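**Student:** This structure is in structure tokens; I'll ask about it shortly.
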Amino acid sequence: MTAVLVVSGLIVALLVLAIVLYNRLVAKRQMVNNGWADIDVQLKRRADLIPSLVATVRGYASHERQLFEEIVEKRNRAREAGDDAAARGAAESALSHPLGRLIALGEGYPELKASANFKDLQDDLADTENKIEMARRFYNGAVRELNTAVETFPGNVIAGPFGFHQAAYFEIETADRAVPEVEFGGKS
């Protein structure tokens, strides 16, 4: 009788542990999904700002057609990358470089630099880049917690059979995000 109670108690304890672990994994996966949704919102905001910024600079620097076409092409690739964090990170990194060149180009035209519209767009873009960085940090923290829970014991015992997998980090290369310093013929 006591052996049956001990075995029953162990089974109940293991079942409770499995339920707790499962719920913990679900919560961590939801944090990753929430983090990705935040990143996606900010990336869409950035993508929506790009046509206005290009149109504003185009009026002053129409000879930069190749740069404008490159930005449009890379913006479209970033949108097509979808929810794959690794592919989206690579596409967004590729977009950041010509976008930085566009901002630097705008700095070389005093009339454009003085334009309230250009200034507002620059400020909006800078604000969006900061929000992307904050969302990226939150997402990557959530991914780290999920990946740790999926890989460590006893979470890994529950993770595999119930379809929990590691998530990919969202990385944008810092070098690509930096706006290049450009000097235009010794002008200050």
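FYI, nothing fancy with the structure tokens labels: chains A, B, ... in order, residues from 1 per chain, ligands from 1 as they appear.
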Neighbours of Leu43 (chain A) within 9 Å (only C-alpha atoms; same-chain residues fewer than 6 positions away dropped), as number ranges by chain?
**Tutor:** A: 78-79, 92, 128-129, 132
**Student:** Quick one: pull the distance between CA of Val57 (chain A) and CA of Gly106 (chain A), Å, one decimal.
**Tutor:**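 Between these atoms lies a distance of 6.2 Å.
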**Student:** Would you mind listing, for every residue of region 89-174 of chain A within 9 Å of region 26-38 of chain A, the two atoms forming the shortest contact and the distance between them in Å to one decimal, using only C-alpha atoms, sorted by chain and ascending residue number, as JSON lines?
**Tutor:**
{"residue": "A:Lys131", "atom": "CA", "partner": "A:Asp38", "partner_atom": "CA", "distance": 9.0}
{"residue": "A:Ile132", "atom": "CA", "partner": "A:Asp38", "partner_atom": "CA", "distance": 8.1}
{"residue": "A:Ala135", "atom": "CA", "partner": "A:Asp38", "partner_atom": "CA", "distance": 5.8}
{"residue": "A:Arg136", "atom": "CA", "partner": "A:Gly35", "partner_atom": "CA", "distance": 7.4}
{"residue": "A:Arg137", "atom": "CA", "partner": "A:Gly35", "partner_atom": "CA", "distance": 8.7}
{"residue": "A:Phe138", "atom": "CA", "partner": "A:Gly35", "partner_atom": "CA", "distance": 6.0}
{"residue": "A:Tyr139", "atom": "CA", "partner": "A:Gly35", "partner_atom": "CA", "distance": 4.2}
{"residue": "A:Asn140", "atom": "CA", "partner": "A:Val32", "partner_atom": "CA", "distance": 7.9}
{"residue": "A:Gly141", "atom": "CA", "partner": "A:Val32", "partner_atom": "CA", "distance": 8.4}
{"residue": "A:Ala142", "atom": "CA", "partner": "A:Val32", "partner_atom": "CA", "distance": 5.1}
{"residue": "A:Val143", "atom": "CA", "partner": "A:Val32", "partner_atom": "CA", "distance": 5.7}
{"residue": "A:Glu145", "atom": "CA", "partner": "A:Lys28", "partner_atom": "CA", "distance": 6.9}
{"residue": "A:Leu146", "atom": "CA", "partner": "A:Lys28", "partner_atom": "CA", "distance": 5.3}
{"residue": "A:Ala149", "atom": "CA", "partner": "A:Lys28", "partner_atom": "CA", "distance": 8.3}
{"residue": "A:Phe164", "atom": "CA", "partner": "A:Arg29", "partner_atom": "CA", "distance": 8.1}
{"residue": "A:Ala167", "atom": "CA", "partner": "A:Val32", "partner_atom": "CA", "distance": 7.9}
{"residue": "A:Phe170", "atom": "CA", "partner": "A:Trp36", "partner_atom": "CA", "distance": 8.7}
**Student:** Quick one: distance from CA of Thr148 (chain A) to CA of Val16 (chain A) in Å, one decimal?
**Tutor:**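 Value for the CA of Thr148 (chain A)-CA of Val16 (chain A) distance: 20.9 Å.
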**Student:** Taking only C-alpha atoms into account, produce a table as CSV in which each residue of region 55-102 of chain A with an atom at most 9 Å from an atom of region 107-126 of chain A appears once, together with its shortest atom pair and the distance in Å to one decimal, ordered by chain and rising number.
**Tutor:**
residue,atom,partner,partner_atom,distance
A:Thr56,CA,A:Phe118,CA,6.6
A:Val57,CA,A:Leu112,CA,7.2
A:Gly59,CA,A:Leu112,CA,8.9
A:Tyr60,CA,A:Leu112,CA,6.8
A:Ala61,CA,A:Tyr109,CA,8.3
A:Leu102,CA,A:Glu107,CA,8.7
**Student:** Any chance you can output those residues with N, CA and C atoms as an mmCIF file, in the first residue's frame?
**Tutor:**
data_model
loop_
_atom_site.group_PDB
_atom_site.id
_atom_site.type_symbol
_atom_site.label_atom_id
_atom_site.label_comp_id
_atom_site.auth_asym_id
_atom_site.auth_seq_id
_atom_site.Cartn_x
_atom_site.Cartn_y
_atom_site.Cartn_z
ATOM 1 N N THR A 56 12.656 63.220 -50.838
ATOM 2 C CA THR A 56 13.165 64.518 -50.398
ATOM 3 C C THR A 56 14.577 64.758 -50.919
ATOM 4 N N VAL A 57 15.451 63.758 -50.772
ATOM 5 C CA VAL A 57 16.834 63.910 -51.228
ATOM 6 C C VAL A 57 16.891 63.927 -52.751
ATOM 7 N N GLY A 59 15.026 65.295 -54.872
ATOM 8 C CA GLY A 59 14.798 66.639 -55.398
ATOM 9 C C GLY A 59 16.057 67.481 -55.436
ATOM 10 N N TYR A 60 17.007 67.203 -54.566
ATOM 11 C CA TYR A 60 18.240 67.975 -54.498
ATOM 12 C C TYR A 60 19.408 67.284 -55.191
ATOM 13 N N ALA A 61 19.368 65.976 -55.234
ATOM 14 C CA ALA A 61 20.498 65.210 -55.772
ATOM 15 C C ALA A 61 20.008 64.176 -56.771
ATOM 16 N N LEU A 102 22.722 57.714 -47.978
ATOM 17 C CA LEU A 102 21.696 58.690 -48.347
ATOM 18 C C LEU A 102 21.676 59.848 -47.348
#
**Student:** Can you measure CA of Asn147 (chain A) to CA of Ala94 (chain A) for me? One decimal in Å is fine.
**Tutor:**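 Result for CA of Asn147 (chain A) versus CA of Ala94 (chain A): 26.8 Å, one decimal.
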**Student:** Find the spatial neighbours of Pro51 (chain A), counting only C-alpha atoms, within a cut-off of 10 Å - ignore same-chain residues fewer than 3 positions away - and output them as a ChimeraX atom specification.
**Tutor:** /A:46-48,54-57,68,71-72,75
**Student:** Which parts of region 79-184 of chain A does DSSP call alpha helix (DSSP H) when run on the backbone here, written out as a ChimeraX atom specification?
**Tutor:** /A:79-80,85-107,110-114,116-151,155-159,174-177
**Student:** For Ile158 (chain A), which of A:Met1, A:Glu173, A:Val20, A:Ser52 is the closest residue, counting only C-alpha atoms?
**Tutor:** A:Val20
**Student:** Within 6 Å of region 80-86 of chain A, counting only C-alpha atoms, which residues qualify if same-chain residues fewer than 3 places away don't, as a list in words?
**Tutor:** Arg77, Gly89, Ala168 and Phe170 of chain A
